[in-house]
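Below: run.json (JSON, C-alpha atoms and all ligand atoms)
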[["chain", "number", "residue", "atom", "x", "y", "z"],
["A", 1, "MET", "CA", 0.00, 0.00, 0.00],
["A", 2, "SER", "CA", 1.23, 3.45, -0.77],
["A", 3, "LYS", "CA", 2.12, 5.81, 2.01],
["A", 4, "GLN", "CA", -0.13, 8.81, 2.73],
["A", 5, "ARG", "CA", 1.75, 12.05, 2.59],
["A", 6, "ALA", "CA", 0.47, 15.57, 3.31],
["A", 7, "LYS", "CA", -0.72, 17.48, 0.25],
["A", 8, "LEU", "CA", 0.87, 20.69, -1.04],
["A", 9, "VAL", "CA", -0.68, 23.06, -3.58],
["A", 10, "VAL", "CA", 1.48, 25.94, -4.86],
["A", 11, "GLY", "CA", 0.43, 28.69, -7.24],
["A", 12, "ASN", "CA", 2.98, 29.90, -9.77],
["A", 13, "TRP", "CA", 1.71, 33.30, -10.83],
["A", 14, "LYS", "CA", 4.43, 33.61, -13.50],
["A", 15, "MET", "CA", 4.65, 37.23, -14.76],
["A", 16, "HIS", "CA", 1.11, 38.18, -13.82],
["A", 17, "GLY", "CA", -0.45, 40.45, -11.23],
["A", 18, "ARG", "CA", -0.67, 44.08, -10.19],
["A", 19, "LEU", "CA", -1.01, 45.46, -6.68],
["A", 20, "ALA", "CA", -4.77, 45.95, -6.67],
["A", 21, "GLU", "CA", -5.75, 42.59, -8.14],
["A", 22, "ASN", "CA", -3.10, 40.79, -6.04],
["A", 23, "ALA", "CA", -4.65, 42.14, -2.85],
["A", 24, "THR", "CA", -8.05, 40.66, -3.70],
["A", 25, "LEU", "CA", -6.51, 37.34, -4.72],
["A", 26, "LEU", "CA", -4.18, 37.01, -1.71],
["A", 27, "GLN", "CA", -6.90, 37.87, 0.75],
["A", 28, "ALA", "CA", -9.31, 35.36, -0.80],
["A", 29, "VAL", "CA", -6.67, 32.61, -0.83],
["A", 30, "ALA", "CA", -5.67, 33.32, 2.78],
["A", 31, "HIS", "CA", -9.30, 33.18, 3.85],
["A", 32, "GLY", "CA", -10.10, 29.99, 1.88],
["A", 33, "ALA", "CA", -6.93, 28.21, 3.03],
["A", 34, "GLY", "CA", -7.97, 28.76, 6.63],
["A", 35, "GLU", "CA", -10.82, 26.32, 6.08],
["A", 36, "LEU", "CA", -8.68, 23.46, 4.75],
["A", 37, "PRO", "CA", -7.62, 20.46, 6.83],
["A", 38, "ALA", "CA", -4.25, 20.83, 8.55],
["A", 39, "ASP", "CA", -2.51, 18.34, 6.26],
["A", 40, "VAL", "CA", -3.10, 20.48, 3.16],
["A", 41, "ARG", "CA", -0.41, 23.13, 2.73],
["A", 42, "VAL", "CA", -0.84, 26.06, 0.37],
["A", 43, "GLY", "CA", 1.72, 28.41, -1.16],
["A", 44, "VAL", "CA", 2.03, 31.11, -3.81],
["A", 45, "CYS", "CA", 5.13, 32.01, -5.82],
["A", 46, "VAL", "CA", 4.76, 35.63, -6.86],
["A", 47, "PRO", "CA", 6.86, 38.05, -8.94],
["A", 48, "SER", "CA", 9.60, 39.43, -6.63],
["A", 49, "PRO", "CA", 8.22, 43.01, -6.48],
["A", 50, "TYR", "CA", 5.14, 41.63, -4.76],
["A", 51, "LEU", "CA", 6.95, 39.81, -1.95],
["A", 52, "ALA", "CA", 6.37, 42.65, 0.51],
["A", 53, "GLN", "CA", 2.69, 42.71, -0.35],
["A", 54, "SER", "CA", 2.48, 38.93, 0.04],
["A", 55, "GLN", "CA", 4.18, 39.15, 3.41],
["A", 56, "SER", "CA", 1.85, 41.85, 4.67],
["A", 57, "LEU", "CA", -1.31, 40.09, 3.49],
["A", 58, "LEU", "CA", -0.37, 36.45, 4.19],
["A", 59, "GLU", "CA", 1.59, 36.65, 7.46],
["A", 60, "GLY", "CA", -0.38, 34.83, 10.14],
["A", 61, "SER", "CA", -2.41, 32.90, 7.53],
["A", 62, "ARG", "CA", -1.99, 29.28, 6.44],
["A", 63, "VAL", "CA", -0.50, 30.37, 3.11],
["A", 64, "VAL", "CA", 3.26, 30.54, 2.56],
["A", 65, "TRP", "CA", 4.89, 32.53, -0.23],
["A", 66, "GLY", "CA", 7.97, 32.62, -2.38],
["A", 67, "VAL", "CA", 9.56, 33.39, -5.72],
["A", 68, "GLN", "CA", 9.83, 31.79, -9.14],
["A", 69, "ASP", "CA", 13.61, 31.85, -9.47],
["A", 70, "VAL", "CA", 16.71, 32.81, -7.47],
["A", 71, "SER", "CA", 20.18, 33.88, -8.52],
["A", 72, "ALA", "CA", 23.01, 31.37, -8.59],
["A", 73, "PHE", "CA", 25.05, 34.00, -6.68],
["A", 74, "THR", "CA", 24.68, 35.19, -3.11],
["A", 75, "HIS", "CA", 25.42, 38.88, -3.87],
["A", 76, "GLY", "CA", 27.60, 41.02, -6.08],
["A", 77, "ALA", "CA", 27.74, 42.72, -9.47],
["A", 78, "TYR", "CA", 24.96, 40.73, -11.14],
["A", 79, "THR", "CA", 22.62, 43.38, -12.50],
["A", 80, "GLY", "CA", 18.98, 42.41, -12.39],
["A", 81, "GLU", "CA", 19.44, 39.29, -10.26],
["A", 82, "VAL", "CA", 17.62, 38.58, -7.00],
["A", 83, "ALA", "CA", 19.52, 36.60, -4.36],
["A", 84, "ALA", "CA", 17.91, 33.98, -2.15],
["A", 85, "PRO", "CA", 18.75, 35.79, 1.14],
["A", 86, "MET", "CA", 16.93, 38.89, -0.20],
["A", 87, "VAL", "CA", 13.67, 37.04, -0.61],
["A", 88, "VAL", "CA", 14.07, 35.53, 2.85],
["A", 89, "ASP", "CA", 14.08, 39.13, 4.16],
["A", 90, "PHE", "CA", 10.42, 39.25, 3.07],
["A", 91, "GLY", "CA", 9.40, 36.08, 4.88],
["A", 92, "ALA", "CA", 9.49, 33.93, 1.76],
["A", 93, "THR", "CA", 9.99, 30.20, 2.27],
["A", 94, "LEU", "CA", 9.61, 28.84, -1.28],
["A", 95, "ALA", "CA", 11.65, 29.23, -4.47],
["A", 96, "ILE", "CA", 10.81, 27.56, -7.76],
["A", 97, "VAL", "CA", 14.00, 26.59, -9.59],
["A", 98, "GLY", "CA", 14.48, 25.15, -13.07],
["A", 99, "HIS", "CA", 11.01, 25.92, -14.38],
["A", 100, "SER", "CA", 10.86, 24.87, -18.04],
["A", 101, "GLU", "CA", 10.18, 28.47, -19.05],
["A", 102, "ARG", "CA", 13.53, 29.48, -17.54],
["A", 103, "ARG", "CA", 15.31, 26.46, -19.02],
["A", 104, "ALA", "CA", 13.86, 27.32, -22.45],
["A", 105, "TYR", "CA", 13.78, 31.15, -22.57],
["A", 106, "HIS", "CA", 16.77, 31.88, -20.35],
["A", 107, "ARG", "CA", 18.86, 28.90, -21.41],
["A", 108, "GLU", "CA", 19.27, 27.64, -17.85],
["A", 109, "SER", "CA", 21.38, 24.50, -17.87],
["A", 110, "ALA", "CA", 20.91, 21.54, -15.55],
["A", 111, "GLU", "CA", 24.16, 22.62, -13.86],
["A", 112, "LEU", "CA", 22.85, 26.15, -13.24],
["A", 113, "VAL", "CA", 19.57, 24.79, -11.86],
["A", 114, "ALA", "CA", 21.57, 22.64, -9.43],
["A", 115, "VAL", "CA", 23.58, 25.66, -8.24],
["A", 116, "LYS", "CA", 20.42, 27.73, -7.79],
["A", 117, "THR", "CA", 18.97, 24.89, -5.73],
["A", 118, "GLN", "CA", 22.03, 25.02, -3.49],
["A", 119, "ARG", "CA", 21.72, 28.81, -3.05],
["A", 120, "ALA", "CA", 18.03, 28.44, -2.13],
["A", 121, "LEU", "CA", 18.80, 25.72, 0.44],
["A", 122, "GLU", "CA", 21.66, 27.71, 1.97],
["A", 123, "ALA", "CA", 19.29, 30.65, 2.49],
["A", 124, "GLY", "CA", 16.79, 28.40, 4.23],
["A", 125, "LEU", "CA", 14.28, 28.31, 1.37],
["A", 126, "THR", "CA", 12.45, 25.20, 0.17],
["A", 127, "PRO", "CA", 13.40, 24.79, -3.50],
["A", 128, "ILE", "CA", 10.68, 23.49, -5.81],
["A", 129, "VAL", "CA", 12.81, 21.83, -8.48],
["A", 130, "CYS", "CA", 10.96, 21.49, -11.78],
["A", 131, "VAL", "CA", 11.62, 18.71, -14.26],
["A", 132, "GLY", "CA", 9.78, 17.76, -17.44],
["A", 133, "GLU", "CA", 10.08, 16.55, -21.00],
["A", 134, "THR", "CA", 9.01, 18.17, -24.27],
["A", 135, "LEU", "CA", 6.50, 16.53, -26.58],
["A", 136, "GLU", "CA", 9.29, 15.48, -28.96],
["A", 137, "GLU", "CA", 11.17, 13.85, -26.10],
["A", 138, "ARG", "CA", 8.06, 11.99, -24.93],
["A", 139, "GLU", "CA", 7.27, 10.78, -28.42],
["A", 140, "ALA", "CA", 10.85, 9.58, -28.80],
["A", 141, "GLY", "CA", 10.46, 7.53, -25.59],
["A", 142, "LEU", "CA", 12.93, 9.71, -23.71],
["A", 143, "THR", "CA", 10.74, 10.91, -20.83],
["A", 144, "GLU", "CA", 12.47, 8.94, -18.06],
["A", 145, "GLN", "CA", 15.92, 9.70, -19.41],
["A", 146, "VAL", "CA", 15.19, 13.45, -19.55],
["A", 147, "VAL", "CA", 13.53, 13.86, -16.16],
["A", 148, "GLY", "CA", 15.94, 11.41, -14.53],
["A", 149, "THR", "CA", 18.94, 13.39, -15.76],
["A", 150, "GLN", "CA", 17.38, 16.71, -14.70],
["A", 151, "LEU", "CA", 16.78, 15.35, -11.20],
["A", 152, "ASP", "CA", 20.15, 13.60, -10.92],
["A", 153, "GLU", "CA", 22.05, 16.81, -11.78],
["A", 154, "VAL", "CA", 20.49, 18.44, -8.72],
["A", 155, "LEU", "CA", 20.77, 15.45, -6.38],
["A", 156, "ALA", "CA", 24.45, 14.99, -7.23],
["A", 157, "LYS", "CA", 25.27, 18.37, -5.67],
["A", 158, "LEU", "CA", 23.34, 17.78, -2.44],
["A", 159, "SER", "CA", 23.83, 15.79, 0.74],
["A", 160, "VAL", "CA", 21.05, 13.43, 1.77],
["A", 161, "GLN", "CA", 19.97, 15.95, 4.43],
["A", 162, "GLU", "CA", 19.79, 18.73, 1.84],
["A", 163, "ALA", "CA", 17.96, 16.58, -0.70],
["A", 164, "ALA", "CA", 15.37, 15.69, 1.95],
["A", 165, "ARG", "CA", 14.41, 19.40, 2.06],
["A", 166, "LEU", "CA", 13.44, 19.58, -1.63],
["A", 167, "VAL", "CA", 10.09, 19.66, -3.31],
["A", 168, "VAL", "CA", 10.14, 18.23, -6.85],
["A", 169, "ALA", "CA", 7.59, 19.20, -9.50],
["A", 170, "TYR", "CA", 6.99, 17.11, -12.61],
["A", 171, "GLU", "CA", 5.80, 19.48, -15.31],
["A", 172, "PRO", "CA", 5.60, 18.00, -18.79],
["A", 173, "VAL", "CA", 6.38, 20.92, -21.10],
["A", 174, "TRP", "CA", 3.60, 19.90, -23.49],
["A", 175, "ALA", "CA", 1.02, 20.21, -20.70],
["A", 176, "ILE", "CA", 1.98, 23.69, -19.48],
["A", 177, "GLY", "CA", -0.51, 26.38, -20.42],
["A", 178, "THR", "CA", -1.95, 24.19, -23.16],
["A", 179, "GLY", "CA", -5.14, 23.10, -21.42],
["A", 180, "LYS", "CA", -3.98, 19.52, -22.08],
["A", 181, "SER", "CA", -2.98, 17.96, -18.77],
["A", 182, "ALA", "CA", -1.10, 14.69, -18.59],
["A", 183, "SER", "CA", -3.54, 11.91, -17.78],
["A", 184, "SER", "CA", -3.42, 10.73, -14.20],
["A", 185, "GLU", "CA", -1.85, 7.45, -15.42],
["A", 186, "GLN", "CA", 0.87, 9.28, -17.38],
["A", 187, "ALA", "CA", 1.64, 11.57, -14.45],
["A", 188, "GLN", "CA", 1.64, 8.75, -11.89],
["A", 189, "ALA", "CA", 4.04, 6.68, -14.00],
["A", 190, "VAL", "CA", 6.60, 9.51, -14.09],
["A", 191, "HIS", "CA", 6.07, 10.31, -10.41],
["A", 192, "ALA", "CA", 6.72, 6.67, -9.46],
["A", 193, "PHE", "CA", 9.91, 6.80, -11.51],
["A", 194, "LEU", "CA", 11.01, 10.03, -9.80],
["A", 195, "ARG", "CA", 10.11, 8.61, -6.38],
["A", 196, "ALA", "CA", 12.40, 5.62, -6.99],
["A", 197, "ARG", "CA", 15.17, 7.95, -8.08],
["A", 198, "LEU", "CA", 14.76, 10.03, -4.90],
["A", 199, "ALA", "CA", 14.68, 6.91, -2.73],
["A", 200, "ALA", "CA", 17.95, 5.77, -4.31],
["A", 201, "LYS", "CA", 19.57, 8.93, -2.91],
["A", 202, "GLY", "CA", 18.62, 7.92, 0.63],
["A", 203, "ALA", "CA", 15.68, 6.78, 2.71],
["A", 204, "ALA", "CA", 15.15, 10.32, 4.02],
["A", 205, "VAL", "CA", 14.66, 11.58, 0.44],
["A", 206, "ALA", "CA", 12.01, 9.07, -0.59],
["A", 207, "ASP", "CA", 9.14, 11.09, 0.82],
["A", 208, "VAL", "CA", 9.90, 14.56, -0.55],
["A", 209, "PRO", "CA", 6.70, 16.08, -1.92],
["A", 210, "LEU", "CA", 6.26, 15.35, -5.63],
["A", 211, "LEU", "CA", 3.97, 17.88, -7.29],
["A", 212, "TYR", "CA", 2.36, 17.62, -10.71],
["A", 213, "GLY", "CA", 2.10, 20.75, -12.86],
["A", 214, "GLY", "CA", 0.59, 21.35, -16.28],
["A", 215, "SER", "CA", -3.00, 22.43, -16.92],
["A", 216, "VAL", "CA", -4.25, 21.47, -13.46],
["A", 217, "LYS", "CA", -7.83, 22.72, -13.13],
["A", 218, "PRO", "CA", -10.65, 22.21, -10.65],
["A", 219, "GLU", "CA", -12.04, 19.51, -12.96],
["A", 220, "ASN", "CA", -8.95, 17.29, -13.12],
["A", 221, "ALA", "CA", -7.20, 18.05, -9.81],
["A", 222, "GLU", "CA", -8.82, 15.42, -7.63],
["A", 223, "GLU", "CA", -8.12, 12.54, -9.96],
["A", 224, "LEU", "CA", -4.48, 13.61, -10.31],
["A", 225, "PHE", "CA", -4.07, 14.09, -6.55],
["A", 226, "ARG", "CA", -5.53, 10.62, -5.85],
["A", 227, "GLN", "CA", -2.53, 8.98, -7.50],
["A", 228, "PRO", "CA", -0.25, 7.38, -4.92],
["A", 229, "ASP", "CA", 2.89, 9.34, -5.86],
["A", 230, "ILE", "CA", 1.26, 12.71, -6.58],
["A", 231, "ASP", "CA", 1.45, 14.85, -3.45],
["A", 232, "GLY", "CA", -0.16, 17.97, -4.85],
["A", 233, "GLY", "CA", 0.21, 20.46, -7.65],
["A", 234, "LEU", "CA", 2.13, 23.41, -9.04],
["A", 235, "ILE", "CA", -0.59, 25.53, -10.56],
["A", 236, "GLY", "CA", -0.10, 28.17, -13.25],
["A", 237, "GLY", "CA", -3.11, 29.78, -14.91],
["A", 238, "ALA", "CA", -5.67, 28.51, -12.42],
["A", 239, "SER", "CA", -3.74, 30.05, -9.51],
["A", 240, "LEU", "CA", -4.69, 33.53, -10.75],
["A", 241, "LYS", "CA", -8.39, 32.96, -10.06],
["A", 242, "ASP", "CA", -9.18, 32.63, -6.39],
["A", 243, "GLN", "CA", -12.15, 30.32, -6.88],
["A", 244, "ASP", "CA", -10.29, 27.95, -9.18],
["A", 245, "PHE", "CA", -7.18, 27.89, -6.99],
["A", 246, "LEU", "CA", -9.23, 27.23, -3.87],
["A", 247, "ALA", "CA", -11.23, 24.54, -5.66],
["A", 248, "ILE", "CA", -7.93, 22.84, -6.48],
["A", 249, "CYS", "CA", -6.89, 23.15, -2.81],
["A", 250, "LYS", "CA", -10.20, 21.56, -1.84],
["A", 251, "ALA", "CA", -9.52, 18.70, -4.27],
["A", 252, "ALA", "CA", -6.24, 18.20, -2.41],
["A", 253, "ALA", "CA", -8.19, 18.18, 0.87],
["A", 254, "ALA", "CA", -10.57, 15.54, -0.51],
["A", 255, "THR", "CA", -7.59, 13.26, -1.15],
["A", 256, "SER", "CA", -5.68, 14.05, 2.05],
["A", 257, "VAL", "CA", -5.52, 11.90, 5.13],
["A", 258, "ALA", "CA", -7.84, 14.18, 7.07],
["A", 259, "GLY", "CA", -10.10, 15.03, 4.11],
["A", 301, "LIG", "P1", -0.47, 25.92, -16.16],
["A", 301, "LIG", "O1", -1.18, 25.43, -14.92],
["A", 301, "LIG", "O2", -0.93, 27.27, -16.60],
["A", 301, "LIG", "O3", -0.49, 24.88, -17.24],
["A", 301, "LIG", "O4", 1.08, 26.13, -15.76],
["A", 301, "LIG", "C1", 1.75, 25.11, -15.09],
["A", 301, "LIG", "C2", 3.05, 25.63, -14.63],
["A", 301, "LIG", "O5", 3.94, 25.91, -15.41],
["A", 301, "LIG", "C3", 3.23, 25.84, -13.18],
["A", 301, "LIG", "O6", 4.56, 26.08, -12.85]]
Give the structure from the file, written as structure tokens.
Ligand code: 13P
Amino acid sequence: MSKQRAKLVVGNWKMHGRLAENATLLQAVAHGAGELPADVRVGVCVPSPYLAQSQSLLEGSRVVWGVQDVSAFTHGAYTGEVAAPMVVDFGATLAIVGHSERRAYHRESAELVAVKTQRALEAGLTPIVCVGETLEEREAGLTEQVVGTQLDEVLAKLSVQEAARLVVAYEPVWAIGTGKSASSEQAQAVHAFLRARLAAKGAAVADVPLLYGGSVKPENAEELFRQPDIDGGLIGGASLKDQDFLAICKAAAATSVAG
């Protein structure tokens, strides 16, 4: 029988939001999250300029916050970069690293993603390390090779204790923003593969939260979250609408131990 782990739902706002609309969204999410069972955790990863706003509106709520990227450097002459300790100054606890949009549009290598993961861990953040294959790679039968290599590059740089502090998100590139989610069977198969890879690093790493991301919506969330190795979701578009995001959190609650 599979082990029951707590559920985690994280919104990735990407480059969306303005002060006024954020306030409405953050307040609604904070309020809705307060009604979820204790074993469902909720987070939002916002554009860096809105960290202070997130801190002021979410502090004391059940919702944690963070960023969508961190610099590979701690400080210095790196114009435009945001260092992990800076986001910690605003109460952030999460940092997405290696999102496919950064790998594709900013040419982030697996090596760079691994270094960013280290910087996030050193600052005390929980890195959400994203892995995922393109449609061409899936059709060529390369899914496990691609996601396995992406994960291994990160794990190789970490101790077992550090690796145990990760969150890993499987986000098939072909499912992101397309409205075409992976089926629950497809997602579960990759999650089981990733779980085995994590377990091979050390027993303490086997239970890191494994999130699925890619066109998660209120309609498909529960079935995805019922899969034994899917511990929640990394939500893009649907995280910008309070009702949809909270419906996805409720789907997580319906599949949680207490739900
Ligand atoms: P969508 O939910 O919009 O497909 O985005 C998924 C994603 O990239 C989350 O990081």
Inset, instruction - Please check which protein, DNA or RNA residues sit within 9 Å of ligand LIG 301 (chain A), counting all atoms listed in the file, and write them as a count of residues only. - result: 36
Inset, instruction - Considering only C-alpha atoms, state which residue in the set A:Ala196, A:Ala187, A:Val154, A:Leu166 is at the smallest distance from Pro209 (chain A). - result: A:Leu166
Spatial neighbours of Leu224 (chain A), 8 Å, all atoms listed in the file, chain gap at least 4 places, as a CSV table (one decimal) with C-alpha atoms, in the frame of the given file:
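Result written to around37.csv:
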chain,number,residue,atom,x,y,z
A,183,SER,CA,-3.5,11.9,-17.8
A,184,SER,CA,-3.4,10.7,-14.2
A,187,ALA,CA,1.6,11.6,-14.4
A,188,GLN,CA,1.6,8.8,-11.9
A,212,TYR,CA,2.4,17.6,-10.7
A,220,ASN,CA,-9.0,17.3,-13.1
A,230,ILE,CA,1.3,12.7,-6.6
Legend entry - For CA of Pro228 (chain A) and CA of Leu194 (chain A), the interatomic separation in Å (one decimal): 12.6 Å
Inset, instruction - Record the distance separating CA of Ser61 (chain A) and CA of Val40 (chain A), expressed in Å with one decimal. - result: 13.2 Å
Inset, instruction - Pick out the closest residue to Val88 (chain A) from this set: A:Val205, A:Ile128, A:Leu51, A:Val115. Count all atoms listed in the file. - result: A:Leu51
Inset, instruction - Point out the residue among A:His106, A:Lys250, A:Lys241, A:Arg197 with the least atom-to-atom distance to Leu8 (chain A), counting only C-alpha atoms. - result: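 Of A:His106, A:Lys250, A:Lys241, A:Arg197, the one nearest Leu8 (chain A) is A:Lys250, counting only C-alpha atoms.
Distances to Val208 (chain A) were evaluated for A:Asp229, A:Glu81, A:Glu222, A:Asp89 using all atoms listed in the file, and the minimum falls at A:Asp229.
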Legend entry - Atom-to-atom span, CA of Ala253 (chain A) and CA of Leu121 (chain A), Å: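 We find that CA of Ala253 (chain A) and CA of Leu121 (chain A) lie 28.0 Å from each other.
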Inset, instruction - With a distance cut-off of 12 Å and only C-alpha atoms, select the neighbouring residues of Ala206 (chain A), excluding the residue or stretch itself and same-chain residues fewer than 5 positions from it, and output the selection as a list of chain:residue names. - result: A:Lys3, A:Arg5, A:Val160, A:Gln161, A:Ala163, A:Ala164, A:Arg165, A:Leu166, A:Val167, A:Val168, A:His191, A:Ala192, A:Phe193, A:Leu194, A:Arg195, A:Ala196, A:Arg197, A:Leu198, A:Ala199, A:Ala200, A:Lys201, A:Asp229
Legend entry - Residue nearest Val190 (chain A) among A:Glu144, A:Asp69, A:Glu122, A:Glu111 (counting only C-alpha atoms): A:Glu144
Interface rows for region 55-105 of chain A against region 21-35 of chain A: nearest pair, Å to one decimal, 12 Å, all atoms listed in the file, as CSV:
residue,atom,partner,partner_atom,distance
A:Gln55,CA,A:Leu26,CA,10.0
A:Ser56,CA,A:Ala23,CA,9.9
A:Leu57,CA,A:Gln27,CA,6.6
A:Leu58,CA,A:Ala30,CA,6.3
A:Glu59,CA,A:Ala30,CA,9.3
A:Gly60,CA,A:Ala30,CA,9.2
A:Ser61,CA,A:Ala30,CA,5.8
A:Arg62,CA,A:Gly34,CA,6.0
A:Val63,CA,A:Ala30,CA,6.0
A:Val64,CA,A:Ala30,CA,9.4
A:Trp65,CA,A:Leu26,CA,10.2
Legend entry - Contacts of Met86 (chain A) at 12 Å (all atoms listed in the file; same-chain gap of 2+ positions) as a ChimeraX atom specification: /A:48-49,51-52,66-67,70-71,73-75,81-84,88-93,95,119-120,123-125
Inset, instruction - Determine the nearest neighbour of Leu112 (chain A) from the options A:Ala72, A:Ala204, A:Met15, A:Val146, counting only C-alpha atoms. - result: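 Between A:Ala72, A:Ala204, A:Met15, A:Val146, the residue approaching Leu112 (chain A) most closely is A:Ala72.
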Generate a file for region 239-259 of chain A, containing N, CA and C atoms, as a CSV table (one decimal), in the first residue's frame.
chain,number,residue,atom,x,y,z
A,239,SER,N,-4.1,29.4,-10.8
A,239,SER,CA,-3.7,30.1,-9.5
A,239,SER,C,-4.0,31.5,-9.5
A,240,LEU,N,-4.4,32.1,-10.7
A,240,LEU,CA,-4.7,33.5,-10.7
A,240,LEU,C,-6.2,33.8,-10.5
A,241,LYS,N,-7.0,32.8,-10.3
A,241,LYS,CA,-8.4,33.0,-10.1
A,241,LYS,C,-8.7,32.3,-8.7
A,242,ASP,N,-9.1,33.1,-7.8
A,242,ASP,CA,-9.2,32.6,-6.4
A,242,ASP,C,-10.1,31.4,-6.3
A,243,GLN,N,-11.2,31.4,-7.0
A,243,GLN,CA,-12.2,30.3,-6.9
A,243,GLN,C,-11.6,29.0,-7.5
A,244,ASP,N,-10.9,29.2,-8.6
A,244,ASP,CA,-10.3,28.0,-9.2
A,244,ASP,C,-9.2,27.4,-8.3
A,245,PHE,N,-8.3,28.3,-7.8
A,245,PHE,CA,-7.2,27.9,-7.0
A,245,PHE,C,-7.7,27.2,-5.7
A,246,LEU,N,-8.7,27.8,-5.1
A,246,LEU,CA,-9.2,27.2,-3.9
A,246,LEU,C,-10.0,25.9,-4.1
A,247,ALA,N,-10.6,25.8,-5.3
A,247,ALA,CA,-11.2,24.5,-5.7
A,247,ALA,C,-10.2,23.4,-5.8
A,248,ILE,N,-9.0,23.8,-6.3
A,248,ILE,CA,-7.9,22.8,-6.5
A,248,ILE,C,-7.4,22.5,-5.1
A,249,CYS,N,-7.3,23.4,-4.2
A,249,CYS,CA,-6.9,23.1,-2.8
A,249,CYS,C,-7.9,22.2,-2.1
A,250,LYS,N,-9.2,22.4,-2.4
A,250,LYS,CA,-10.2,21.6,-1.8
A,250,LYS,C,-10.1,20.1,-2.4
A,251,ALA,N,-9.7,20.0,-3.7
A,251,ALA,CA,-9.5,18.7,-4.3
A,251,ALA,C,-8.4,18.0,-3.5
A,252,ALA,N,-7.4,18.8,-3.2
A,252,ALA,CA,-6.2,18.2,-2.4
A,252,ALA,C,-6.8,17.7,-1.0
A,253,ALA,N,-7.6,18.5,-0.5
A,253,ALA,CA,-8.2,18.2,0.9
A,253,ALA,C,-9.0,16.9,0.8
A,254,ALA,N,-9.7,16.7,-0.3
A,254,ALA,CA,-10.6,15.5,-0.5
A,254,ALA,C,-9.7,14.3,-0.6
A,255,THR,N,-8.5,14.4,-1.0
A,255,THR,CA,-7.6,13.3,-1.1
A,255,THR,C,-6.6,13.1,0.0
A,256,SER,N,-6.7,14.1,1.0
A,256,SER,CA,-5.7,14.1,2.0
A,256,SER,C,-6.1,13.1,3.1
A,257,VAL,N,-5.2,12.9,4.1
A,257,VAL,CA,-5.5,11.9,5.1
A,257,VAL,C,-6.7,12.4,5.9
A,258,ALA,N,-6.8,13.7,6.2
A,258,ALA,CA,-7.8,14.2,7.1
A,258,ALA,C,-9.1,14.5,6.3
A,259,GLY,N,-9.0,14.5,4.9
A,259,GLY,CA,-10.1,15.0,4.1
A,259,GLY,C,-11.3,14.1,4.0
